[in-house]
file coords_29.cif (mmCIF, C-alpha atoms)
data_model
#
loop_
_atom_site.label_atom_id
_atom_site.label_comp_id
_atom_site.auth_asym_id
_atom_site.auth_seq_id
_atom_site.Cartn_x
_atom_site.Cartn_y
_atom_site.Cartn_z
CA MET A 1 -49.17 -8.79 -50.83
CA ILE A 2 -48.10 -9.20 -47.20
CA SER A 3 -47.02 -12.74 -46.25
CA ARG A 4 -48.32 -14.23 -43.02
CA TRP A 5 -46.51 -16.65 -40.74
CA GLY A 6 -48.56 -18.45 -38.10
CA GLY A 7 -51.16 -15.69 -38.12
CA TYR A 8 -48.58 -12.87 -38.05
CA THR A 9 -47.16 -10.91 -40.92
CA VAL A 10 -43.43 -11.14 -41.61
CA ILE A 11 -43.07 -7.48 -40.61
CA GLU A 12 -44.77 -8.12 -37.25
CA VAL A 13 -42.48 -11.09 -36.59
CA LEU A 14 -39.40 -9.02 -37.44
CA ILE A 15 -40.54 -6.24 -35.12
CA VAL A 16 -41.04 -8.71 -32.25
CA LEU A 17 -37.60 -10.26 -32.88
CA ALA A 18 -35.97 -6.82 -32.98
CA ILE A 19 -37.58 -5.78 -29.69
CA SER A 20 -36.59 -9.09 -28.08
CA GLY A 21 -33.02 -8.58 -29.26
CA VAL A 22 -32.87 -5.08 -27.78
CA ILE A 23 -34.23 -6.35 -24.45
CA PHE A 24 -31.72 -9.22 -24.42
CA VAL A 25 -28.75 -6.95 -25.19
CA SER A 26 -29.90 -4.43 -22.57
CA GLY A 27 -30.16 -7.21 -20.00
CA VAL A 28 -26.67 -8.48 -20.81
CA VAL A 29 -25.20 -4.97 -20.56
CA MET A 30 -27.00 -4.30 -17.28
CA PHE A 31 -25.89 -7.63 -15.79
CA SER A 32 -22.32 -7.05 -16.94
CA GLY A 33 -22.31 -3.58 -15.41
CA GLN A 34 -23.67 -4.87 -12.10
CA SER A 35 -21.11 -7.69 -12.10
CA ASN A 36 -18.23 -5.27 -12.76
CA SER A 37 -19.49 -2.94 -10.04
CA THR A 38 -19.68 -5.78 -7.53
CA ALA A 39 -16.18 -6.94 -8.47
CA PHE A 40 -14.79 -3.41 -7.98
CA GLU A 41 -16.43 -3.05 -4.58
CA GLN A 42 -15.10 -6.43 -3.46
CA SER A 43 -11.62 -5.57 -4.72
CA MET A 44 -11.60 -2.35 -2.71
CA GLN A 45 -12.88 -4.06 0.44
CA ASP A 46 -10.11 -6.66 0.10
CA ALA A 47 -7.48 -3.93 -0.39
CA ASN A 48 -8.73 -2.03 2.66
CA SER A 49 -8.56 -5.21 4.74
CA GLU A 50 -5.04 -5.99 3.50
CA ILE A 51 -3.76 -2.52 4.37
CA THR A 52 -5.30 -2.71 7.84
CA THR A 53 -3.78 -6.13 8.49
CA ARG A 54 -0.31 -5.17 7.26
CA LEU A 55 -0.10 -1.95 9.25
CA ARG A 56 -1.60 -3.52 12.35
CA GLY A 57 1.58 -5.55 12.73
CA VAL A 58 3.84 -2.50 13.03
CA GLY A 59 5.67 -2.67 16.33
CA SER A 60 9.11 -2.43 17.90
CA SER A 61 11.18 -5.61 17.89
CA GLN A 62 14.66 -6.90 17.36
CA PHE A 63 15.34 -8.55 14.02
CA PHE A 64 15.62 -12.29 14.45
CA ASN A 65 16.18 -14.87 11.72
CA SER A 66 13.30 -14.35 9.31
CA GLU A 67 12.68 -16.71 6.42
CA GLY A 68 16.36 -17.67 6.34
CA TYR A 69 17.80 -14.14 6.54
CA ILE A 70 20.16 -12.60 9.08
CA CYS A 71 20.86 -8.93 9.80
CA VAL A 72 24.08 -7.18 10.81
CA VAL A 73 25.00 -3.50 11.15
CA SER A 74 27.89 -2.51 8.90
CA GLY A 75 29.12 0.08 6.40
CA ASN A 76 29.67 3.83 6.54
CA PRO A 77 27.30 5.17 7.59
CA ALA A 78 26.43 2.13 9.66
CA ARG A 79 23.18 0.54 8.51
CA ALA A 80 21.31 -2.71 8.98
CA ILE A 81 22.32 -5.07 6.18
CA LEU A 82 20.20 -8.08 5.29
CA SER A 83 21.71 -11.25 3.85
CA PRO A 84 20.67 -14.89 3.42
CA GLY A 85 21.67 -17.12 6.30
CA THR A 86 20.50 -19.64 8.85
CA GLY A 87 21.22 -20.31 12.48
CA SER A 88 21.73 -17.77 15.25
CA SER A 89 23.49 -14.48 14.69
CA THR A 90 24.65 -12.20 17.49
CA GLY A 91 24.50 -9.33 15.01
CA ASN A 92 20.73 -9.59 14.81
CA GLN A 93 20.40 -7.98 18.23
CA ASP A 94 21.80 -4.75 16.78
CA CYS A 95 19.02 -4.55 14.15
CA LEU A 96 15.50 -3.32 14.81
CA VAL A 97 12.33 -3.66 12.78
CA VAL A 98 11.30 0.00 12.96
CA GLY A 99 8.17 -0.13 10.83
CA THR A 100 6.53 -0.67 7.47
CA ALA A 101 6.69 1.59 4.42
CA VAL A 102 4.03 1.38 1.72
CA GLU A 103 4.57 2.29 -1.93
CA ALA A 104 1.47 3.12 -4.01
CA PRO A 105 2.71 3.90 -7.55
CA THR A 106 0.23 5.71 -9.78
CA SER A 107 -1.07 3.74 -12.79
CA ASP A 108 -0.04 0.54 -11.01
CA SER A 109 -2.33 -2.27 -9.88
CA ARG A 110 -0.20 -3.27 -6.90
CA LEU A 111 0.64 -2.00 -3.43
CA TYR A 112 4.14 -2.71 -2.10
CA PHE A 113 4.87 -3.21 1.60
CA PHE A 114 8.49 -2.81 2.73
CA GLN A 115 9.79 -3.99 6.07
CA VAL A 116 12.04 -1.18 7.34
CA LEU A 117 15.07 -1.95 9.49
CA GLY A 118 17.08 0.36 11.71
CA ASN A 119 20.04 0.37 14.08
CA ARG A 120 19.36 -0.22 17.74
CA GLN A 121 22.38 1.93 18.59
CA VAL A 122 24.02 5.10 17.29
CA TYR A 123 27.48 4.59 15.80
CA SER A 124 30.48 6.92 15.61
CA ALA A 125 32.51 7.49 12.44
CA GLY A 126 34.59 4.45 13.35
CA ASN A 127 31.44 2.31 13.69
CA ASN A 128 31.71 2.19 17.46
CA PRO A 129 28.38 2.20 19.35
CA VAL A 130 27.91 5.34 21.45
CA GLY A 131 24.37 4.86 22.77
CA LEU A 132 20.86 3.76 21.91
CA ALA A 133 19.04 5.37 18.98
CA THR A 134 16.33 7.69 20.30
CA ASN A 135 14.57 8.57 17.05
CA LEU A 136 14.02 7.36 13.50
CA THR A 137 16.81 9.46 11.98
CA GLU A 138 19.40 8.16 14.44
CA SER A 139 18.45 4.57 13.59
CA ASN A 140 19.48 5.08 9.92
CA PRO A 141 16.37 3.37 8.48
CA THR A 142 16.68 1.17 5.41
CA ILE A 143 14.42 -1.25 3.54
CA ALA A 144 14.97 -4.93 4.34
CA PHE A 145 16.41 -6.02 1.03
CA SER A 146 19.77 -6.56 -0.62
CA ASP A 147 21.15 -8.07 -3.81
CA ASP A 148 20.35 -11.55 -2.53
CA ALA A 149 17.40 -10.94 -0.21
CA ASP A 150 14.09 -9.11 -0.43
CA LEU A 151 11.28 -9.12 2.12
CA THR A 152 9.02 -6.82 0.06
CA PHE A 153 5.39 -7.96 -0.05
CA SER A 154 3.53 -7.19 -3.27
CA TYR A 155 -0.27 -7.03 -3.07
CA LYS A 156 -2.14 -7.34 -6.39
CA LEU A 157 -5.40 -5.42 -6.56
CA ALA A 158 -8.15 -7.72 -7.80
CA SER A 159 -10.16 -7.13 -10.99
CA ASP A 160 -7.40 -5.00 -12.58
CA VAL A 161 -8.16 -2.03 -10.34
CA LYS A 162 -5.43 0.61 -10.58
CA ILE A 163 -4.11 3.48 -8.47
CA ILE A 164 -4.66 6.92 -9.98
CA SER A 165 -3.44 9.26 -7.22
CA SER A 166 -1.85 9.31 -3.78
CA ASN A 167 -1.96 12.40 -1.57
CA VAL A 168 -1.13 13.20 2.04
CA GLU A 169 -2.56 15.71 4.47
CA ALA A 170 0.28 16.60 6.83
CA ILE A 171 -0.12 17.38 10.52
CA ASP A 172 0.98 20.97 9.88
CA GLY A 173 -1.95 21.44 7.47
CA SER A 174 0.04 21.24 4.24
CA SER A 175 -0.65 18.83 1.38
CA LEU A 176 1.82 16.57 -0.36
CA ALA A 177 1.58 14.28 -3.39
CA SER A 178 3.39 11.16 -2.20
CA SER A 179 3.58 7.56 -3.37
CA LEU A 180 5.59 6.46 -0.32
CA VAL A 181 4.54 6.64 3.33
CA GLY A 182 6.23 4.94 6.28
CA PHE A 183 4.55 3.88 9.53
CA TYR A 184 7.10 3.71 12.33
CA ILE A 185 7.39 2.91 16.02
CA ASP A 186 8.13 5.31 18.83
CA PHE A 187 11.74 4.88 19.97
CA ASN A 188 10.99 6.19 23.45
CA GLY A 189 8.47 3.44 24.07
CA GLU A 190 5.70 5.94 24.76
CA ALA A 191 3.37 4.98 21.94
CA PRO A 192 0.09 3.51 23.19
CA VAL A 193 -0.99 0.09 22.02
CA GLY A 194 -4.40 0.40 20.39
CA GLN A 195 -7.24 -2.09 20.42
CA ASN A 196 -6.09 -3.36 17.03
CA GLY A 197 -2.63 -4.18 18.42
CA SER A 198 -0.84 -1.40 16.54
CA GLN A 199 2.10 0.38 18.16
CA THR A 200 2.58 2.93 15.41
CA ALA A 201 3.67 6.29 16.78
CA GLN A 202 4.47 8.22 13.63
CA ALA A 203 3.60 8.25 9.95
CA LYS A 204 6.13 9.82 7.58
CA ALA A 205 5.25 10.98 4.05
CA TYR A 206 8.16 11.19 1.64
CA ASN A 207 8.57 13.65 -1.21
CA TYR A 208 8.45 10.74 -3.62
CA GLN A 209 6.28 10.06 -6.65
CA THR A 210 6.53 7.26 -9.16
CA ALA A 211 4.42 5.76 -11.93
CA GLY A 212 5.99 2.34 -11.36
CA HIS A 213 7.48 0.19 -8.64
CA ASP A 214 11.12 0.95 -7.84
CA ALA A 215 12.38 -0.59 -4.59
CA SER A 216 15.87 0.86 -5.01
CA ALA A 217 14.56 4.41 -5.46
CA ALA A 218 12.19 3.99 -2.51
CA ASN A 219 15.07 2.78 -0.36
CA SER A 220 17.28 5.73 -1.33
CA CYS A 221 14.43 8.03 -0.33
CA ILE A 222 13.92 6.35 3.04
CA GLU A 223 17.67 6.43 3.70
CA GLY A 224 17.58 10.18 3.06
CA THR A 225 20.00 10.28 0.12
CA THR A 226 17.54 11.40 -2.58
CA CYS A 227 14.54 12.85 -0.72
CA GLN A 228 13.99 15.74 1.63
CA PRO A 229 13.16 14.95 5.28
CA PRO A 230 9.68 13.37 5.37
CA ALA A 231 6.60 15.23 6.54
CA ASP A 232 4.54 14.07 9.51
CA ALA A 233 1.44 12.59 7.89
CA LYS A 234 -2.05 12.92 9.30
CA VAL A 235 -4.11 11.21 6.58
CA TRP A 236 -2.93 9.39 3.45
CA LYS A 237 -5.55 9.29 0.69
CA ILE A 238 -5.13 6.73 -2.10
CA CYS A 239 -7.55 6.95 -5.05
CA PHE A 240 -8.40 3.85 -7.10
CA GLU A 241 -10.23 3.39 -10.40
CA SER A 242 -12.15 0.47 -11.88
CA PRO A 243 -10.95 -1.08 -15.19
CA SER A 244 -13.85 0.52 -17.08
CA GLY A 245 -12.99 3.92 -15.63
CA ASN A 246 -16.57 4.59 -14.51
CA ARG A 247 -16.08 4.02 -10.77
CA ARG A 248 -13.61 5.28 -8.21
CA ALA A 249 -12.93 4.74 -4.53
CA GLU A 250 -10.63 6.20 -1.91
CA ILE A 251 -8.93 4.57 1.05
CA ASP A 252 -7.98 7.01 3.82
CA ILE A 253 -5.19 5.82 6.11
CA ALA A 254 -4.94 7.83 9.32
CA ASN A 255 -2.37 7.61 12.08
CA GLN A 256 -4.11 8.21 15.40
CA PRO A 257 -3.18 7.76 19.08
CA ALA A 258 -5.10 4.48 19.12
CA GLY A 259 -3.17 3.22 16.08
CA VAL A 260 -3.57 3.17 12.32
CA THR A 261 -7.15 3.32 11.03
CA THR A 262 -8.47 2.98 7.49
CA GLU A 263 -11.70 4.16 5.88
CA LEU A 264 -13.03 3.06 2.49
CA LYS A 265 -15.10 5.61 0.56
CA PHE A 266 -16.81 5.05 -2.80
CA ILE A 267 -16.47 8.62 -4.05
CA ASN A 268 -15.33 10.33 -7.24
CA CYS A 269 -11.81 11.02 -5.96
CA THR A 270 -9.14 12.63 -8.14
#

call {"tool": "encode", "arguments": {"input": "coords_29.cif", "output": "structure tokens"}}
result
Amino acid sequence: MISRWGGYTVIEVLIVLAISGVIFVSGVVMFSGQSNSTAFEQSMQDANSEITTRLRGVGSSQFFNSEGYICVVSGNPARAILSPGTGSSTGNQDCLVVGTAVEAPTSDSRLYFFQVLGNRQVYSAGNNPVGLATNLTESNPTIAFSDDADLTFSYKLASDVKIISSNVEAIDGSSLASSLVGFYIDFNGEAPVGQNGSQTAQAKAYNYQTAGHDASAANSCIEGTTCQPPADAKVWKICFESPSGNRRAEIDIANQPAGVTTELKFINCT
């Protein structure tokens, strides 16, 4: 005998409840997927905006007291050395802010922006100035950090998005896997100032790959002690992946005569 409940059999009620449950679960899954997709897209738009803003500020300038730090040129070879301090320092006039280097470690969820310092003048073996630096190599570039000071800016990608690859297309047509690219000024003062205010004249891709942040290793590479001379970069392509692994996006960073430009693409990059 089949029992009835309010005009419906128990089996009919169970079928209706089962169908309702499936619809509810499907709705929750669909809403969750849409929410995750929206969060990923927003995270990538924020990252693209942050990169644009950070690289827009690249320009030639002397190093003045910044956040309580002073800079002097010392050592052998002579390099800009950053240390905590306040008040005026005549040594600051010998230091230049030559650009910004960006580290994009694979499997990491952060981008690291290094302020790069250089010497305004070229120094002899006895640390005597012999003339103005005319190119990046002569300026002996180094990251603005020391044992007691660090001006590195760490940008956390929202929604646990992570970096899965970082590749460079060089001006000479070659390709290079690189987690470290520097955007530097033109020492001859010939770089045009673009509409976005950028004075970047050259982008340098280093033969450097890392699965984690390492400021010391990045600095050794920029100083030229552990890496080969950098390649002239045309486009830097950084590939990102959502936490669920079902969506990817690529940010292309190009160095052009009008300045640094970025382009966000929601594609299945590798």

call {"tool": "closest_residue", "arguments": {"input": "coords_29.cif", "among": "A:Thr262, A:Asn119, A:Thr38, A:Gln256", "to": "Gly131 of chain A", "atoms": "only C-alpha atoms"}}
result
A:Asn119

call {"tool": "resolve_selection", "arguments": {"input": "coords_29.cif", "expression": "the PyMOL selection byres ((chain A and resi 208) around 12)", "output": "CSV table (one decimal) with C-alpha atoms, in the frame of the given file"}}
result
chain,number,residue,atom,x,y,z
A,102,VAL,CA,4.0,1.4,1.7
A,103,GLU,CA,4.6,2.3,-1.9
A,104,ALA,CA,1.5,3.1,-4.0
A,105,PRO,CA,2.7,3.9,-7.6
A,106,THR,CA,0.2,5.7,-9.8
A,166,SER,CA,-1.8,9.3,-3.8
A,167,ASN,CA,-2.0,12.4,-1.6
A,168,VAL,CA,-1.1,13.2,2.0
A,176,LEU,CA,1.8,16.6,-0.4
A,177,ALA,CA,1.6,14.3,-3.4
A,178,SER,CA,3.4,11.2,-2.2
A,179,SER,CA,3.6,7.6,-3.4
A,180,LEU,CA,5.6,6.5,-0.3
A,181,VAL,CA,4.5,6.6,3.3
A,182,GLY,CA,6.2,4.9,6.3
A,204,LYS,CA,6.1,9.8,7.6
A,205,ALA,CA,5.2,11.0,4.0
A,206,TYR,CA,8.2,11.2,1.6
A,207,ASN,CA,8.6,13.6,-1.2
A,209,GLN,CA,6.3,10.1,-6.6
A,210,THR,CA,6.5,7.3,-9.2
A,211,ALA,CA,4.4,5.8,-11.9
A,212,GLY,CA,6.0,2.3,-11.4
A,213,HIS,CA,7.5,0.2,-8.6
A,214,ASP,CA,11.1,1.0,-7.8
A,217,ALA,CA,14.6,4.4,-5.5
A,218,ALA,CA,12.2,4.0,-2.5
A,219,ASN,CA,15.1,2.8,-0.4
A,220,SER,CA,17.3,5.7,-1.3
A,221,CYS,CA,14.4,8.0,-0.3
A,222,ILE,CA,13.9,6.4,3.0
A,224,GLY,CA,17.6,10.2,3.1
A,226,THR,CA,17.5,11.4,-2.6
A,227,CYS,CA,14.5,12.8,-0.7
A,228,GLN,CA,14.0,15.7,1.6
A,229,PRO,CA,13.2,15.0,5.3
A,230,PRO,CA,9.7,13.4,5.4
A,231,ALA,CA,6.6,15.2,6.5

call {"tool": "resolve_selection", "arguments": {"input": "coords_29.cif", "expression": "the PyMOL selection byres ((chain A and resi 174) around 10)", "output": "PyMOL selection string"}}
result
chain A and resi 168-173+175-176+231-234

call {"tool": "atom_distance", "arguments": {"input": "coords_29.cif", "atom1": "atom CA of Ile238 of chain A", "atom2": "atom CA of Ile164 of chain A"}}
result
7.9 Å

call {"tool": "resolve_selection", "arguments": {"input": "coords_29.cif", "expression": "the PyMOL selection byres ((chain A and resi 125) around 10)", "output": "list in words"}}
result
Asn76, Pro77, Ala78, Tyr123, Ser124, Gly126, Asn127, Asn128 and Pro129 of chain A

call {"tool": "write_last_selection", "arguments": {"input": "coords_29.cif", "atoms": "C-alpha atoms", "output": "short mmCIF file (atom, residue, chain, number, x, y, z; two decimals), in the coordinates of the input"}}
result
data_model
loop_
_atom_site.label_atom_id
_atom_site.label_comp_id
_atom_site.auth_asym_id
_atom_site.auth_seq_id
_atom_site.Cartn_x
_atom_site.Cartn_y
_atom_site.Cartn_z
CA ASN A 76 29.67 3.83 6.54
CA PRO A 77 27.30 5.17 7.59
CA ALA A 78 26.43 2.13 9.66
CA TYR A 123 27.48 4.59 15.80
CA SER A 124 30.48 6.92 15.61
CA GLY A 126 34.59 4.45 13.35
CA ASN A 127 31.44 2.31 13.69
CA ASN A 128 31.71 2.19 17.46
CA PRO A 129 28.38 2.20 19.35
#

call {"tool": "atom_distance", "arguments": {"input": "coords_29.cif", "atom1": "atom CA of Leu151 of chain A", "atom2": "atom CA of Val122 of chain A"}}
result
24.4 Å

call {"tool": "atom_distance", "arguments": {"input": "coords_29.cif", "atom1": "atom CA of Thr134 of chain A", "atom2": "atom CA of Phe187 of chain A"}}
result
5.4 Å

call {"tool": "closest_atom_pairs", "arguments": {"input": "coords_29.cif", "of": "segment 195-254 of chain A", "to": "segment 263-269 of chain A", "cutoff": "12 Å", "atoms": "all atoms listed in the file", "output": "Markdown table"}}
result
| residue | atom | partner | partner_atom | distance |
| --- | --- | --- | --- | --- |
| A:Val235 | CA | A:Glu263 | CA | 10.4 |
| A:Trp236 | CA | A:Glu263 | CA | 10.5 |
| A:Lys237 | CA | A:Cys269 | CA | 9.3 |
| A:Ile238 | CA | A:Cys269 | CA | 8.8 |
| A:Cys239 | CA | A:Cys269 | CA | 6.0 |
| A:Phe240 | CA | A:Cys269 | CA | 8.0 |
| A:Glu241 | CA | A:Cys269 | CA | 9.0 |
| A:Ser242 | CA | A:Phe266 | CA | 11.2 |
| A:Gly245 | CA | A:Asn268 | CA | 10.8 |
| A:Asn246 | CA | A:Asn268 | CA | 9.3 |
| A:Arg247 | CA | A:Asn268 | CA | 7.3 |
| A:Arg248 | CA | A:Asn268 | CA | 5.4 |
| A:Ala249 | CA | A:Phe266 | CA | 4.3 |
| A:Glu250 | CA | A:Lys265 | CA | 5.1 |
| A:Ile251 | CA | A:Leu264 | CA | 4.6 |
| A:Asp252 | CA | A:Glu263 | CA | 5.1 |
| A:Ile253 | CA | A:Glu263 | CA | 6.7 |
| A:Ala254 | CA | A:Glu263 | CA | 8.4 |

call {"tool": "residues_around", "arguments": {"input": "coords_29.cif", "residues": "Val98 of chain A", "least_positions_apart": "4", "cutoff": "6 Å", "atoms": "only C-alpha atoms", "output": "MDAnalysis selection string"}}
result
chainID A and resid 60 116:118 184:185

call {"tool": "residues_near_point", "arguments": {"input": "coords_29.cif", "point": "(16.6, 4.0, 19.4)", "cutoff": "7 Å", "atoms": "all atoms listed in the file", "output": "CSV table (one decimal) with C-alpha atoms, in the frame of the given file"}}
result
chain,number,residue,atom,x,y,z
A,120,ARG,CA,19.4,-0.2,17.7
A,121,GLN,CA,22.4,1.9,18.6
A,132,LEU,CA,20.9,3.8,21.9
A,133,ALA,CA,19.0,5.4,19.0
A,134,THR,CA,16.3,7.7,20.3
A,135,ASN,CA,14.6,8.6,17.0
A,139,SER,CA,18.4,4.6,13.6
A,187,PHE,CA,11.7,4.9,20.0

call {"tool": "residues_around", "arguments": {"input": "coords_29.cif", "residues": "Ser43 of chain A", "least_positions_apart": "6", "cutoff": "8 Å", "atoms": "all atoms listed in the file", "output": "MDAnalysis selection string"}}
result
chainID A and resid 157:159 161

call {"tool": "build_atoms", "arguments": {"input": "coords_29.cif", "residues": "segment 211-224 of chain A", "atoms": "N, CA, C and O atoms", "output": "short mmCIF file (atom, residue, chain, number, x, y, z; two decimals), in the coordinates of the input"}}
result
data_model
loop_
_atom_site.label_atom_id
_atom_site.label_comp_id
_atom_site.auth_asym_id
_atom_site.auth_seq_id
_atom_site.Cartn_x
_atom_site.Cartn_y
_atom_site.Cartn_z
N ALA A 211 5.48 6.40 -11.15
CA ALA A 211 4.42 5.76 -11.93
C ALA A 211 4.68 4.26 -12.06
O ALA A 211 3.98 3.57 -12.79
N GLY A 212 5.67 3.76 -11.33
CA GLY A 212 5.99 2.34 -11.36
C GLY A 212 6.78 1.96 -10.13
O GLY A 212 7.39 2.81 -9.47
N HIS A 213 6.78 0.68 -9.82
CA HIS A 213 7.48 0.19 -8.64
C HIS A 213 8.98 0.28 -8.81
O HIS A 213 9.53 -0.12 -9.84
N ASP A 214 9.66 0.83 -7.81
CA ASP A 214 11.12 0.95 -7.84
C ASP A 214 11.63 0.85 -6.40
O ASP A 214 11.72 1.84 -5.69
N ALA A 215 11.96 -0.37 -5.97
CA ALA A 215 12.38 -0.59 -4.59
C ALA A 215 13.67 0.14 -4.28
O ALA A 215 13.85 0.67 -3.18
N SER A 216 14.59 0.19 -5.24
CA SER A 216 15.87 0.86 -5.01
C SER A 216 15.68 2.35 -4.79
O SER A 216 16.28 2.95 -3.88
N ALA A 217 14.82 2.98 -5.61
CA ALA A 217 14.56 4.41 -5.46
C ALA A 217 13.84 4.70 -4.14
O ALA A 217 14.13 5.69 -3.46
N ALA A 218 12.90 3.82 -3.78
CA ALA A 218 12.19 3.99 -2.51
C ALA A 218 13.16 3.88 -1.34
O ALA A 218 13.07 4.65 -0.37
N ASN A 219 14.10 2.95 -1.44
CA ASN A 219 15.07 2.78 -0.36
C ASN A 219 15.98 4.00 -0.23
O ASN A 219 16.28 4.46 0.88
N SER A 220 16.43 4.54 -1.36
CA SER A 220 17.28 5.73 -1.33
C SER A 220 16.54 6.89 -0.68
O SER A 220 17.14 7.70 0.04
N CYS A 221 15.24 6.97 -0.93
CA CYS A 221 14.43 8.03 -0.33
C CYS A 221 14.33 7.84 1.18
O CYS A 221 14.51 8.79 1.95
N ILE A 222 14.05 6.62 1.61
CA ILE A 222 13.92 6.35 3.04
C ILE A 222 15.25 6.56 3.76
O ILE A 222 15.30 7.05 4.89
N GLU A 223 16.35 6.22 3.10
CA GLU A 223 17.67 6.43 3.70
C GLU A 223 18.06 7.90 3.75
O GLU A 223 19.02 8.27 4.43
N GLY A 224 17.33 8.74 3.01
CA GLY A 224 17.58 10.18 3.06
C GLY A 224 18.61 10.68 2.08
O GLY A 224 19.06 11.83 2.17
#
